[in-house]
file data24.cif (mmCIF, C-alpha atoms)
data_structure
#
loop_
_atom_site.label_atom_id
_atom_site.label_comp_id
_atom_site.auth_asym_id
_atom_site.auth_seq_id
_atom_site.Cartn_x
_atom_site.Cartn_y
_atom_site.Cartn_z
CA MET T 1 -16.46 77.05 -86.11
CA ALA T 2 -15.35 73.59 -87.23
CA SER T 3 -12.12 71.82 -87.99
CA VAL T 4 -11.02 71.16 -91.55
CA ALA T 5 -10.01 67.80 -92.90
CA GLY T 6 -6.32 67.63 -93.64
CA SER T 7 -5.27 70.50 -91.39
CA ALA T 8 -3.85 70.16 -87.93
CA LEU T 9 -5.81 72.80 -86.10
CA SER T 10 -6.02 72.84 -82.35
CA PHE T 11 -8.94 74.28 -80.47
CA ALA T 12 -9.16 76.10 -77.22
CA ARG T 13 -12.20 74.06 -76.27
CA PRO T 14 -14.41 71.34 -77.71
CA VAL T 15 -16.76 72.92 -80.21
CA LYS T 16 -19.89 72.14 -82.08
CA ALA T 17 -20.22 73.49 -85.58
CA THR T 18 -22.62 76.37 -85.55
CA ASN T 19 -22.62 77.01 -89.25
CA THR T 20 -22.69 73.94 -91.40
CA ASN T 21 -22.89 75.78 -94.67
CA SER T 22 -19.37 76.85 -95.34
CA ILE T 23 -15.98 77.41 -93.87
CA SER T 24 -13.11 79.32 -95.31
CA LEU T 25 -9.53 78.18 -95.44
CA THR T 26 -6.56 80.34 -96.18
CA SER T 27 -3.48 78.55 -97.43
CA ALA T 28 -0.23 79.49 -95.75
CA ARG T 29 1.72 79.16 -98.96
CA LYS T 30 3.51 82.37 -99.66
CA GLY T 31 2.20 84.44 -102.53
CA ASN T 32 -0.56 82.01 -103.23
CA ALA T 33 -3.25 82.54 -100.64
CA PHE T 34 -6.64 81.18 -101.59
CA LEU T 35 -9.99 80.63 -100.04
CA ARG T 36 -11.74 77.31 -100.18
CA MET T 37 -15.43 77.16 -99.42
CA GLN T 38 -16.83 73.76 -98.70
CA PRO T 39 -19.53 72.31 -96.55
CA VAL T 40 -18.43 70.40 -93.47
CA PRO T 41 -20.53 68.02 -91.45
CA MET T 42 -21.65 69.05 -87.98
CA ARG T 43 -19.20 68.24 -85.20
CA PHE T 44 -16.63 66.72 -87.49
CA ALA T 45 -13.38 67.39 -85.71
CA VAL T 46 -10.17 65.45 -86.05
CA CYS T 47 -9.08 66.12 -82.51
CA CYS T 48 -12.33 66.68 -80.73
CA THR T 49 -14.28 63.44 -81.10
CA ALA T 50 -14.10 61.64 -77.80
CA LYS T 51 -12.54 58.19 -77.57
CA LYS T 52 -15.02 55.43 -77.00
CA GLU T 53 -13.25 54.23 -73.87
CA THR T 54 -13.42 57.73 -72.40
CA VAL T 55 -17.12 57.96 -73.16
CA ASP T 56 -17.64 54.56 -71.53
CA LYS T 57 -15.76 55.58 -68.39
CA VAL T 58 -17.71 58.82 -68.14
CA CYS T 59 -20.97 56.87 -68.49
CA ASP T 60 -19.90 54.55 -65.66
CA ILE T 61 -19.05 57.42 -63.34
CA VAL T 62 -22.27 59.24 -64.19
CA LYS T 63 -24.42 56.14 -63.70
CA LYS T 64 -22.85 55.46 -60.34
CA GLN T 65 -23.20 59.05 -59.12
CA LEU T 66 -26.80 59.43 -60.21
CA ALA T 67 -27.80 55.87 -59.23
CA VAL T 68 -29.37 55.51 -62.65
CA PRO T 69 -31.72 52.50 -62.79
CA GLU T 70 -30.54 49.59 -64.93
CA ASP T 71 -33.21 50.02 -67.54
CA ILE T 72 -32.34 53.66 -68.25
CA GLU T 73 -29.69 54.12 -70.90
CA VAL T 74 -26.76 56.49 -70.48
CA SER T 75 -24.69 57.06 -73.62
CA GLY T 76 -22.50 59.70 -75.26
CA ALA T 77 -25.56 61.54 -76.49
CA SER T 78 -27.13 61.76 -73.03
CA LYS T 79 -27.57 65.33 -71.86
CA PHE T 80 -26.65 66.00 -68.25
CA SER T 81 -29.73 68.14 -67.82
CA ASP T 82 -31.92 65.22 -68.94
CA LEU T 83 -30.27 62.86 -66.47
CA GLY T 84 -31.56 64.87 -63.53
CA ALA T 85 -28.11 65.79 -62.25
CA ASP T 86 -28.28 68.72 -59.87
CA SER T 87 -25.30 70.92 -59.11
CA LEU T 88 -24.03 68.74 -56.28
CA ASP T 89 -24.22 65.65 -58.51
CA THR T 90 -22.39 67.57 -61.21
CA VAL T 91 -19.50 68.56 -58.97
CA GLU T 92 -19.18 65.02 -57.66
CA ILE T 93 -19.11 63.73 -61.21
CA VAL T 94 -16.46 66.29 -62.12
CA MET T 95 -14.38 65.32 -59.08
CA GLY T 96 -14.77 61.65 -59.99
CA LEU T 97 -13.58 62.40 -63.51
CA GLU T 98 -10.66 64.48 -62.23
CA GLU T 99 -9.56 61.60 -60.02
CA GLU T 100 -10.07 58.95 -62.68
CA PHE T 101 -8.18 60.81 -65.39
CA LYS T 102 -5.75 62.81 -63.22
CA ILE T 103 -6.79 66.14 -64.67
CA SER T 104 -8.22 69.35 -63.33
CA VAL T 105 -11.36 70.94 -64.74
CA GLU T 106 -12.15 74.66 -64.53
CA GLU T 107 -15.63 75.57 -63.32
CA SER T 108 -16.14 77.72 -66.41
CA SER T 109 -15.64 74.71 -68.73
CA ALA T 110 -18.91 73.36 -67.44
CA GLN T 111 -20.72 75.98 -69.47
CA SER T 112 -19.74 74.30 -72.72
CA ILE T 113 -20.58 70.76 -71.63
CA ALA T 114 -24.08 69.59 -72.44
CA THR T 115 -23.67 65.87 -73.10
CA VAL T 116 -21.60 62.94 -71.85
CA GLU T 117 -19.74 63.07 -75.16
CA ASP T 118 -18.82 66.73 -74.54
CA ALA T 119 -17.40 65.81 -71.16
CA ALA T 120 -15.40 62.93 -72.65
CA ALA T 121 -14.02 65.17 -75.40
CA LEU T 122 -12.93 67.72 -72.79
CA ILE T 123 -11.26 64.98 -70.77
CA ASP T 124 -9.39 63.65 -73.79
CA ARG T 125 -8.18 67.15 -74.56
CA LEU T 126 -7.05 67.81 -70.98
CA VAL T 127 -5.30 64.44 -70.80
CA ALA T 128 -3.54 65.09 -74.12
CA ALA T 129 -2.52 68.59 -73.02
CA LYS T 130 -1.15 67.20 -69.79
CA SER T 131 0.88 64.47 -71.43
CA SER T 132 2.32 66.89 -73.96
CA GLU T 133 3.68 68.92 -71.06
CA LYS T 134 5.73 66.05 -69.74
CA PRO T 135 9.40 66.58 -70.64
CA SER T 136 10.19 62.89 -70.86
CA GLY T 137 7.50 62.33 -73.46
CA LYS T 138 6.48 59.15 -71.67
CA PRO T 139 2.78 58.35 -71.72
CA LEU T 140 0.71 58.87 -68.57
CA GLU T 141 0.24 55.83 -66.34
CA MET A 1 -51.63 70.28 -56.18
CA HIS A 2 -52.10 69.72 -52.52
CA HIS A 3 -51.64 73.19 -51.16
CA ARG A 4 -51.24 73.53 -47.49
CA LEU A 5 -50.63 76.99 -46.18
CA LEU A 6 -48.09 77.67 -43.49
CA LEU A 7 -46.98 81.17 -42.70
CA LEU A 8 -43.67 81.91 -41.09
CA ARG A 9 -42.71 85.45 -40.33
CA ARG A 10 -39.65 86.83 -38.63
CA GLY A 11 -39.97 89.67 -36.20
CA ALA A 12 -42.28 90.56 -33.39
CA MET A 13 -45.56 89.53 -34.97
CA SER A 14 -47.28 86.37 -33.83
CA ILE A 15 -47.74 83.49 -36.21
CA PRO A 16 -51.34 83.00 -37.34
CA PRO A 17 -52.68 79.43 -37.20
CA PRO A 18 -52.59 77.59 -40.53
CA PRO A 19 -55.93 77.56 -42.38
CA ALA A 20 -57.57 74.22 -43.18
CA PRO A 21 -56.23 72.41 -46.25
CA ARG A 22 -58.01 73.12 -49.52
CA MET A 23 -58.17 70.78 -52.46
CA PRO A 24 -57.84 72.26 -55.94
CA GLY A 25 -60.88 72.19 -58.26
CA VAL A 26 -60.89 69.41 -60.78
CA ALA A 27 -62.50 70.99 -63.84
CA GLY A 28 -59.89 72.48 -66.15
CA GLY A 29 -60.98 76.09 -66.09
CA ARG A 30 -61.48 76.13 -62.35
CA LEU A 31 -58.21 74.32 -61.67
CA PHE A 32 -57.03 76.75 -59.07
CA ALA A 33 -60.24 78.61 -58.39
CA SER A 34 -60.67 76.95 -55.04
CA LEU A 35 -57.24 78.00 -53.86
CA PRO A 36 -57.21 81.18 -51.82
CA PRO A 37 -55.42 84.07 -53.49
CA PRO A 38 -51.89 84.24 -52.19
CA PRO A 39 -51.00 86.88 -49.66
CA PRO A 40 -49.78 89.90 -51.61
CA LEU A 41 -46.08 90.53 -51.91
CA GLN A 42 -45.97 93.70 -49.90
CA SER A 43 -42.45 94.86 -50.51
CA PRO A 44 -39.18 93.93 -52.17
CA ARG A 45 -38.10 92.58 -48.77
CA GLU A 46 -40.70 89.85 -48.90
CA VAL A 47 -40.18 86.44 -50.47
CA HIS A 48 -42.82 83.76 -50.87
CA VAL A 49 -41.91 80.16 -51.46
CA TRP A 50 -44.39 77.61 -52.80
CA TYR A 51 -43.49 73.98 -52.89
CA LEU A 52 -44.89 70.58 -53.64
CA CYS A 53 -43.86 66.97 -53.28
CA PRO A 54 -44.23 65.09 -56.59
CA ASP A 55 -44.72 61.76 -54.82
CA GLU A 56 -47.97 63.09 -53.38
CA LEU A 57 -49.36 63.86 -56.82
CA ILE A 58 -50.44 60.58 -58.34
CA ASP A 59 -53.82 61.41 -59.84
CA ARG A 60 -53.31 60.84 -63.54
CA SER A 61 -56.09 63.16 -64.67
CA GLN A 62 -54.80 65.94 -62.48
CA LEU A 63 -51.29 65.47 -63.84
CA ASP A 64 -52.64 65.62 -67.37
CA MET A 65 -54.35 68.92 -66.60
CA TYR A 66 -51.11 70.38 -65.30
CA THR A 67 -49.28 69.16 -68.38
CA GLU A 68 -51.82 70.94 -70.54
CA LEU A 69 -50.70 74.28 -69.06
CA LEU A 70 -47.19 73.91 -70.46
CA SER A 71 -45.88 75.33 -73.71
CA PRO A 72 -45.06 72.82 -76.47
CA SER A 73 -41.34 73.31 -75.91
CA GLU A 74 -41.70 72.76 -72.16
CA ARG A 75 -43.59 69.54 -72.82
CA LYS A 76 -40.95 68.46 -75.27
CA ASN A 77 -38.13 69.22 -72.82
CA ALA A 78 -39.91 67.38 -70.04
CA LEU A 79 -40.40 64.31 -72.22
CA ALA A 80 -36.71 64.36 -73.11
CA MET A 81 -35.84 63.69 -69.48
CA ASN A 82 -34.46 60.25 -68.73
CA GLY A 83 -37.31 58.21 -67.36
CA PRO A 84 -40.92 58.73 -66.20
CA ARG A 85 -40.06 60.06 -62.76
CA LEU A 86 -37.81 62.83 -64.07
CA GLN A 87 -40.37 63.61 -66.78
CA LYS A 88 -43.08 64.03 -64.18
CA ASP A 89 -40.85 66.26 -62.03
CA ALA A 90 -40.04 68.44 -65.03
CA MET A 91 -43.73 68.82 -65.92
CA LEU A 92 -44.71 69.64 -62.35
CA SER A 93 -41.90 72.12 -62.01
CA ARG A 94 -43.18 74.14 -64.97
CA ALA A 95 -46.79 73.78 -63.86
CA LEU A 96 -45.91 75.01 -60.37
CA LEU A 97 -44.14 78.01 -61.85
CA ARG A 98 -46.92 78.94 -64.26
CA THR A 99 -49.74 78.55 -61.77
CA THR A 100 -47.86 80.41 -59.06
CA LEU A 101 -47.04 83.34 -61.32
CA SER A 102 -50.64 83.48 -62.47
CA ARG A 103 -51.87 83.71 -58.88
CA TYR A 104 -49.54 86.62 -58.21
CA THR A 105 -51.06 88.55 -61.08
CA ASP A 106 -54.45 88.23 -59.33
CA ALA A 107 -55.21 85.57 -61.95
CA ASN A 108 -55.21 88.31 -64.60
CA ILE A 109 -52.74 86.29 -66.60
CA ASP A 110 -53.60 82.71 -67.52
CA PRO A 111 -50.88 80.21 -66.53
CA ARG A 112 -50.59 79.15 -70.15
CA SER A 113 -49.83 82.67 -71.33
CA PHE A 114 -46.48 83.22 -69.72
CA GLU A 115 -43.44 83.23 -71.91
CA PHE A 116 -39.91 82.94 -70.73
CA LYS A 117 -36.44 83.87 -71.86
CA LYS A 118 -33.02 82.95 -70.52
CA ASN A 119 -30.17 85.26 -69.62
CA LYS A 120 -26.72 84.53 -71.00
CA PHE A 121 -26.01 82.07 -68.18
CA GLY A 122 -29.25 80.21 -68.71
CA LYS A 123 -31.31 81.69 -65.88
CA PRO A 124 -35.00 81.78 -66.84
CA GLU A 125 -36.94 85.05 -66.59
CA ILE A 126 -40.43 86.17 -67.58
CA LEU A 127 -40.65 87.56 -71.10
CA TRP A 128 -43.34 90.22 -71.05
CA GLN A 129 -45.13 90.94 -74.30
CA SER A 130 -44.66 94.48 -75.53
CA ASP A 131 -48.40 94.68 -76.04
CA GLU A 132 -49.87 97.82 -74.45
CA SER A 133 -53.00 96.13 -73.20
CA SER A 134 -51.21 93.75 -70.87
CA MET A 135 -49.67 94.82 -67.62
CA GLU A 136 -46.24 93.93 -66.54
CA TRP A 137 -45.73 92.68 -63.06
CA PRO A 138 -42.36 93.17 -61.40
CA LEU A 139 -42.21 89.49 -60.48
CA HIS A 140 -39.00 87.58 -60.07
CA PHE A 141 -38.85 83.86 -59.53
CA ASN A 142 -36.47 80.99 -59.09
CA ILE A 143 -37.00 77.25 -58.92
CA SER A 144 -35.15 74.49 -57.18
CA HIS A 145 -35.79 70.82 -56.93
CA THR A 146 -34.58 67.73 -55.22
CA SER A 147 -35.79 64.29 -56.14
CA SER A 148 -38.71 64.61 -53.77
CA LEU A 149 -39.58 68.30 -53.59
CA ILE A 150 -39.97 71.18 -56.01
CA ALA A 151 -39.88 74.76 -54.72
CA CYS A 152 -40.68 78.04 -56.42
CA GLY A 153 -39.62 81.31 -54.83
CA ILE A 154 -41.36 84.56 -55.78
CA ALA A 155 -40.25 88.11 -55.07
CA MET A 156 -41.20 91.56 -56.24
CA ASP A 157 -38.70 93.95 -57.79
CA THR A 158 -35.66 92.00 -56.67
CA PRO A 159 -33.66 89.15 -58.19
CA ILE A 160 -34.03 85.96 -56.22
CA GLY A 161 -32.22 82.66 -55.92
CA ILE A 162 -33.39 79.58 -54.08
CA ASP A 163 -31.93 76.17 -53.44
CA VAL A 164 -33.36 73.18 -51.64
CA GLU A 165 -31.55 70.07 -50.54
CA GLU A 166 -32.30 67.03 -48.43
CA LYS A 167 -30.71 67.54 -45.02
CA LYS A 168 -29.38 64.02 -44.99
CA ARG A 169 -28.27 63.85 -48.59
CA LYS A 170 -25.33 61.51 -48.77
CA THR A 171 -22.40 62.44 -50.94
CA VAL A 172 -20.19 59.95 -52.74
CA LYS A 173 -17.10 62.03 -51.94
CA SER A 174 -16.18 62.96 -48.38
CA ILE A 175 -17.43 66.30 -47.10
CA LEU A 176 -13.97 67.74 -46.56
CA SER A 177 -12.70 66.63 -49.95
CA LEU A 178 -15.68 68.36 -51.60
CA ALA A 179 -15.11 71.46 -49.48
CA ARG A 180 -11.39 71.56 -50.27
CA ARG A 181 -12.08 71.25 -53.97
CA TYR A 182 -14.92 73.78 -54.20
CA PHE A 183 -15.16 75.99 -51.13
CA THR A 184 -12.91 78.67 -49.67
CA PRO A 185 -10.29 78.00 -46.97
CA LEU A 186 -12.47 79.88 -44.48
CA GLU A 187 -15.35 77.50 -45.14
CA VAL A 188 -13.12 74.42 -45.06
CA ASP A 189 -11.83 75.48 -41.64
CA TYR A 190 -15.37 75.96 -40.39
CA LEU A 191 -16.35 72.46 -41.50
CA ALA A 192 -13.13 70.81 -40.38
CA LYS A 193 -13.72 71.96 -36.80
CA ILE A 194 -16.99 70.00 -36.60
CA SER A 195 -16.16 66.64 -35.08
CA ASP A 196 -19.53 64.93 -35.43
CA SER A 197 -19.76 63.65 -39.00
CA ASP A 198 -23.55 64.03 -39.25
CA ALA A 199 -23.37 67.60 -38.01
CA GLN A 200 -20.54 68.30 -40.42
CA GLN A 201 -22.55 66.89 -43.30
CA ARG A 202 -25.55 69.05 -42.38
CA GLU A 203 -23.43 72.21 -42.19
CA PHE A 204 -21.97 71.38 -45.57
CA ILE A 205 -25.45 71.06 -47.04
CA LYS A 206 -26.43 74.39 -45.48
CA LEU A 207 -23.40 76.11 -47.00
CA TRP A 208 -24.03 74.42 -50.32
CA THR A 209 -27.61 75.62 -50.55
CA LEU A 210 -26.63 79.14 -49.46
CA LYS A 211 -23.92 79.36 -52.10
CA GLU A 212 -26.22 77.93 -54.75
CA ALA A 213 -28.97 80.38 -53.83
CA TYR A 214 -26.50 83.25 -54.16
CA VAL A 215 -25.14 82.32 -57.60
CA LYS A 216 -28.70 81.70 -58.81
CA ALA A 217 -29.80 85.09 -57.47
CA LEU A 218 -26.84 86.70 -59.25
CA GLY A 219 -28.11 84.99 -62.38
CA ARG A 220 -24.75 83.39 -63.12
CA GLY A 221 -25.12 79.87 -61.79
CA PHE A 222 -22.38 77.61 -60.56
CA SER A 223 -20.14 77.82 -63.61
CA GLY A 224 -20.50 81.62 -63.89
CA ALA A 225 -19.62 82.27 -60.24
CA PRO A 226 -17.20 79.62 -58.93
CA PHE A 227 -17.78 78.78 -55.29
CA ASN A 228 -14.19 79.29 -54.21
CA ARG A 229 -14.35 83.03 -54.86
CA PHE A 230 -16.74 83.92 -52.08
CA SER A 231 -17.29 82.76 -48.51
CA ILE A 232 -20.49 82.40 -46.62
CA GLN A 233 -20.30 82.50 -42.88
CA LEU A 234 -22.96 81.19 -40.59
CA GLU A 235 -22.65 83.38 -37.55
CA THR A 236 -23.78 82.12 -34.19
CA ASN A 237 -26.51 84.72 -33.90
CA SER A 238 -27.87 83.29 -37.19
CA ARG A 239 -26.90 86.25 -39.29
CA ILE A 240 -25.57 84.98 -42.60
CA GLN A 241 -22.70 86.89 -44.13
CA ILE A 242 -21.11 86.80 -47.53
CA SER A 243 -17.65 88.05 -48.41
CA LYS A 244 -15.40 87.86 -51.43
CA ALA A 245 -12.37 85.60 -51.14
CA THR A 246 -9.94 88.38 -51.99
CA LYS A 247 -6.83 86.27 -52.50
CA VAL A 248 -8.48 83.91 -54.97
CA CYS A 249 -10.10 86.85 -56.74
CA ASN A 250 -6.82 88.71 -57.06
CA ASP A 251 -5.09 85.60 -58.35
CA SER A 252 -7.70 84.74 -60.93
CA ALA A 253 -7.50 85.99 -64.49
CA SER A 254 -11.16 86.96 -64.71
CA GLY A 255 -11.38 88.57 -61.27
CA CYS A 256 -14.52 88.83 -59.21
CA ASP A 257 -16.09 92.11 -60.28
CA TYR A 258 -19.40 90.38 -60.80
CA LEU A 259 -19.54 89.38 -57.14
CA SER A 260 -21.37 91.79 -54.92
CA GLU A 261 -21.95 91.52 -51.20
CA ASN A 262 -25.25 93.36 -50.90
CA TRP A 263 -27.37 90.26 -50.73
CA ARG A 264 -29.63 88.98 -48.02
CA PHE A 265 -29.92 85.33 -47.03
CA ALA A 266 -32.43 83.19 -45.26
CA LEU A 267 -31.88 79.58 -44.33
CA ALA A 268 -34.76 77.44 -43.20
CA GLU A 269 -35.90 73.89 -42.73
CA LEU A 270 -38.75 72.55 -44.81
CA ASN A 271 -40.90 69.60 -43.84
CA SER A 272 -38.18 68.73 -41.29
CA SER A 273 -36.24 66.96 -44.05
CA TYR A 274 -34.87 69.76 -46.18
CA TYR A 275 -32.72 72.82 -45.95
CA MET A 276 -33.77 75.70 -48.09
CA SER A 277 -31.78 78.82 -48.77
CA VAL A 278 -33.17 81.98 -50.25
CA CYS A 279 -31.15 84.94 -51.44
CA ILE A 280 -32.42 88.36 -52.54
CA GLU A 281 -30.73 91.66 -53.22
CA ASP A 282 -30.36 93.92 -50.24
CA ASN A 283 -31.11 97.46 -51.30
CA SER A 284 -32.70 98.78 -48.19
CA ARG A 285 -32.51 98.44 -44.47
CA GLY A 286 -35.27 96.90 -42.45
CA LEU A 287 -37.06 93.74 -41.60
CA TYR A 288 -37.13 90.97 -44.13
CA SER A 289 -39.87 88.38 -44.11
CA LEU A 290 -39.92 84.97 -45.62
CA PHE A 291 -43.12 83.05 -46.10
CA PHE A 292 -43.22 79.31 -46.70
CA LEU A 293 -46.26 78.14 -48.54
CA MET A 294 -46.72 74.47 -49.19
#
call {"tool": "encode", "arguments": {"input": "data24.cif", "output": "structure tokens"}}
result
Amino acid sequence: MASVAGSALSFARPVKATNTNSISLTSARKGNAFLRMQPVPMRFAVCCTAKKETVDKVCDIVKKQLAVPEDIEVSGASKFSDLGADSLDTVEIVMGLEEEFKISVEESSAQSIATVEDAAALIDRLVAAKSSEKPSGKPLE
Amino acid sequence: MHHRLLLLRRGAMSIPPPPAPRMPGVAGGRLFASLPPPPPLQSPREVHVWYLCPDELIDRSQLDMYTELLSPSERKNALAMNGPRLQKDAMLSRALLRTTLSRYTDANIDPRSFEFKKNKFGKPEILWQSDESSMEWPLHFNISHTSSLIACGIAMDTPIGIDVEEKKRKTVKSILSLARRYFTPLEVDYLAKISDSDAQQREFIKLWTLKEAYVKALGRGFSGAPFNRFSIQLETNSRIQISKATKVCNDSASGCDYLSENWRFALAELNSSYYMSVCIEDNSRGLYSLFFLM
């Protein structure tokens, strides 16, 4: 499943494209439905690419929790499993992220998070969902 | 691997003295020939745990031999780990698993031959070939590691989960804040009553390893079986109980049908620095034994 350029689709969760060959699009125009088949690049998603500053903050929290040596790089592409995080590290990282971003993360979301970038994308989505709930429409502090 | 043998058995039997340490053979084919065969797994109530400390294994040629036992994808995954220390741990973890499994097939199956699959939550299991000439062994295993110790638990005919943690592992967050976020109210109360902070931290680690061992035995892992849906109680007569947290389960959309209470726990200290929890399914009454093999 992947997002389509030019459409405002929202996703239940951050996704990776599993099929890069084709996607189908049905137009909502009455009486004129059509299918468009076109290739889309992997992981292209208007709403689901994490902001750089979120990725950076996640990297900082992860590095601190795991006491990663200076010469080892942690970036958006870093997989949590490759960083040697055990379950206790993971929950502390999640708590740190919840506190930093004022969000709450379901345990089951962890199943879809493999990389730092995945975590950042989830955070961005949760933060956006939270701010859209605010009646005043004011941005979060 | 430096294998030292220590037998611990619950019940009325006396503990035999540990045999003298044995060093593994160096030549590739005889890598484990000098190790004694493991004691047989006599029943589904018996669990054997083998462990090693990576820091003790520094012989490059020996490490290379262990690496040679791995499948190409295991080698690739190990090399993808962030840094030489984690890479070494990953290699040793797979080597420990393969060699241990081989020994429990009376060395009928070469360590290199094992294949593995993962269940839908990512728990690894043995994938037996559907070839008529090879036997299947009803072996179940689970692995846990800390930065300084890797443990492999083996059981026959029963799912198993194991978790090891340093007793003194320091957390970044406070114990009670972690407990409030992840544990049940019953468990938070238990911890909150402990006034000495070191003792409280140790009890937290015990509960953590017990809960981890359980969700790993279930085959669901932490994200498939959230910790706040079941309580583990450490009773004073050292019987460990598990119970569903009914209120949370009733309130949750997905419920807790996957949680069962017929599981047996053992909690032990390893090397005086670690807590280890083991969990197996409890399908029969009777004495359970747990062997620790270093």
call {"tool": "residues_around", "arguments": {"input": "data24.cif", "residues": "Ile113 in chain T", "least_positions_apart": "6", "cutoff": "12 Å", "atoms": "all atoms listed in the file", "output": "MDAnalysis selection string"}}
result
(chainID T and resid 13:16 76:81 90 94 105:107 119:123) or (chainID A and resid 223)
call {"tool": "write_last_selection", "arguments": {"input": "data24.cif", "atoms": "C-alpha atoms", "output": "mmCIF file, keeping the file's coordinate frame"}}
result
data_model
loop_
_atom_site.group_PDB
_atom_site.id
_atom_site.type_symbol
_atom_site.label_atom_id
_atom_site.label_comp_id
_atom_site.auth_asym_id
_atom_site.auth_seq_id
_atom_site.Cartn_x
_atom_site.Cartn_y
_atom_site.Cartn_z
ATOM 1 C CA ARG T 13 -12.200 74.060 -76.270
ATOM 2 C CA PRO T 14 -14.410 71.340 -77.710
ATOM 3 C CA VAL T 15 -16.760 72.920 -80.210
ATOM 4 C CA LYS T 16 -19.890 72.140 -82.080
ATOM 5 C CA GLY T 76 -22.500 59.700 -75.260
ATOM 6 C CA ALA T 77 -25.560 61.540 -76.490
ATOM 7 C CA SER T 78 -27.130 61.760 -73.030
ATOM 8 C CA LYS T 79 -27.570 65.330 -71.860
ATOM 9 C CA PHE T 80 -26.650 66.000 -68.250
ATOM 10 C CA SER T 81 -29.730 68.140 -67.820
ATOM 11 C CA THR T 90 -22.390 67.570 -61.210
ATOM 12 C CA VAL T 94 -16.460 66.290 -62.120
ATOM 13 C CA VAL T 105 -11.360 70.940 -64.740
ATOM 14 C CA GLU T 106 -12.150 74.660 -64.530
ATOM 15 C CA GLU T 107 -15.630 75.570 -63.320
ATOM 16 C CA ALA T 119 -17.400 65.810 -71.160
ATOM 17 C CA ALA T 120 -15.400 62.930 -72.650
ATOM 18 C CA ALA T 121 -14.020 65.170 -75.400
ATOM 19 C CA LEU T 122 -12.930 67.720 -72.790
ATOM 20 C CA ILE T 123 -11.260 64.980 -70.770
ATOM 21 C CA SER A 223 -20.140 77.820 -63.610
#
call {"tool": "residues_around", "arguments": {"input": "data24.cif", "residues": "Asp124 in chain T", "least_positions_apart": "2", "cutoff": "12 Å", "atoms": "all atoms listed in the file", "output": "ChimeraX atom specification"}}
result
/T:13-14,47-55,57-58,97-98,101-105,117-122,126-131
call {"tool": "resolve_selection", "arguments": {"input": "data24.cif", "expression": "the PyMOL selection byres ((chain T) within 9 of (chain A))", "output": "PDB file with C-alpha atoms, keeping the file's coordinate frame"}}
result
ATOM      1  CA  GLN T  65     -23.200  59.050 -59.120  1.00  0.00           C
ATOM      2  CA  ILE T  72     -32.340  53.660 -68.250  1.00  0.00           C
ATOM      3  CA  GLU T  73     -29.690  54.120 -70.900  1.00  0.00           C
ATOM      4  CA  VAL T  74     -26.760  56.490 -70.480  1.00  0.00           C
ATOM      5  CA  SER T  78     -27.130  61.760 -73.030  1.00  0.00           C
ATOM      6  CA  LYS T  79     -27.570  65.330 -71.860  1.00  0.00           C
ATOM      7  CA  SER T  81     -29.730  68.140 -67.820  1.00  0.00           C
ATOM      8  CA  ASP T  82     -31.920  65.220 -68.940  1.00  0.00           C
ATOM      9  CA  LEU T  83     -30.270  62.860 -66.470  1.00  0.00           C
ATOM     10  CA  GLY T  84     -31.560  64.870 -63.530  1.00  0.00           C
ATOM     11  CA  ASP T  86     -28.280  68.720 -59.870  1.00  0.00           C
ATOM     12  CA  SER T  87     -25.300  70.920 -59.110  1.00  0.00           C
ATOM     13  CA  LEU T  88     -24.030  68.740 -56.280  1.00  0.00           C
ATOM     14  CA  ASP T  89     -24.220  65.650 -58.510  1.00  0.00           C
ATOM     15  CA  VAL T  91     -19.500  68.560 -58.970  1.00  0.00           C
ATOM     16  CA  GLU T  92     -19.180  65.020 -57.660  1.00  0.00           C
ATOM     17  CA  MET T  95     -14.380  65.320 -59.080  1.00  0.00           C
ATOM     18  CA  GLY T  96     -14.770  61.650 -59.990  1.00  0.00           C
ATOM     19  CA  GLU T 106     -12.150  74.660 -64.530  1.00  0.00           C
ATOM     20  CA  GLU T 107     -15.630  75.570 -63.320  1.00  0.00           C
ATOM     21  CA  SER T 108     -16.140  77.720 -66.410  1.00  0.00           C
ATOM     22  CA  SER T 109     -15.640  74.710 -68.730  1.00  0.00           C
ATOM     23  CA  ALA T 110     -18.910  73.360 -67.440  1.00  0.00           C
ATOM     24  CA  GLN T 111     -20.720  75.980 -69.470  1.00  0.00           C
TER      25      GLN T 111
END
call {"tool": "atom_distance", "arguments": {"input": "data24.cif", "atom1": "CA of Ser113 in chain A", "atom2": "CA of Ile126 in chain A"}}
result
10.7 Å
call {"tool": "atom_distance", "arguments": {"input": "data24.cif", "atom1": "CA of Asp257 in chain A", "atom2": "CA of Ile232 in chain A"}}
result
17.3 Å
call {"tool": "resolve_selection", "arguments": {"input": "data24.cif", "expression": "the PyMOL selection byres ((chain A and resi 268-283) around 10)", "output": "ChimeraX atom specification"}}
result
/A:44-49,51,142,144,146,148-149,151,153,155,157-169,202,205-218,260-267,284-286,288,290,292,294
call {"tool": "residues_around", "arguments": {"input": "data24.cif", "residues": "range 65-75 of chain A", "least_positions_apart": "2", "cutoff": "9 Å", "atoms": "all atoms listed in the file", "output": "list in words"}}
result
Val26, Ala27, Gly28, Leu31, Arg60, Ser61, Gln62, Leu63, Asn77, Ala78, Leu79, Ala80, Ala90, Met91, Leu92, Arg94, Ala95, Leu96, Arg98, Thr99, Pro111, Arg112, Ser113, Phe114 and Glu115 of chain A
call {"tool": "atom_distance", "arguments": {"input": "data24.cif", "atom1": "CA of Ser43 in chain A", "atom2": "CA of Met156 in chain A"}}
result
6.7 Å
call {"tool": "residues_around", "arguments": {"input": "data24.cif", "residues": "Cys256 in chain A", "least_positions_apart": "2", "cutoff": "9 Å", "atoms": "only C-alpha atoms", "output": "VMD selection string"}}
result
chain A and resid 225 229 to 230 244 to 246 248 to 250 252 254 258 to 260
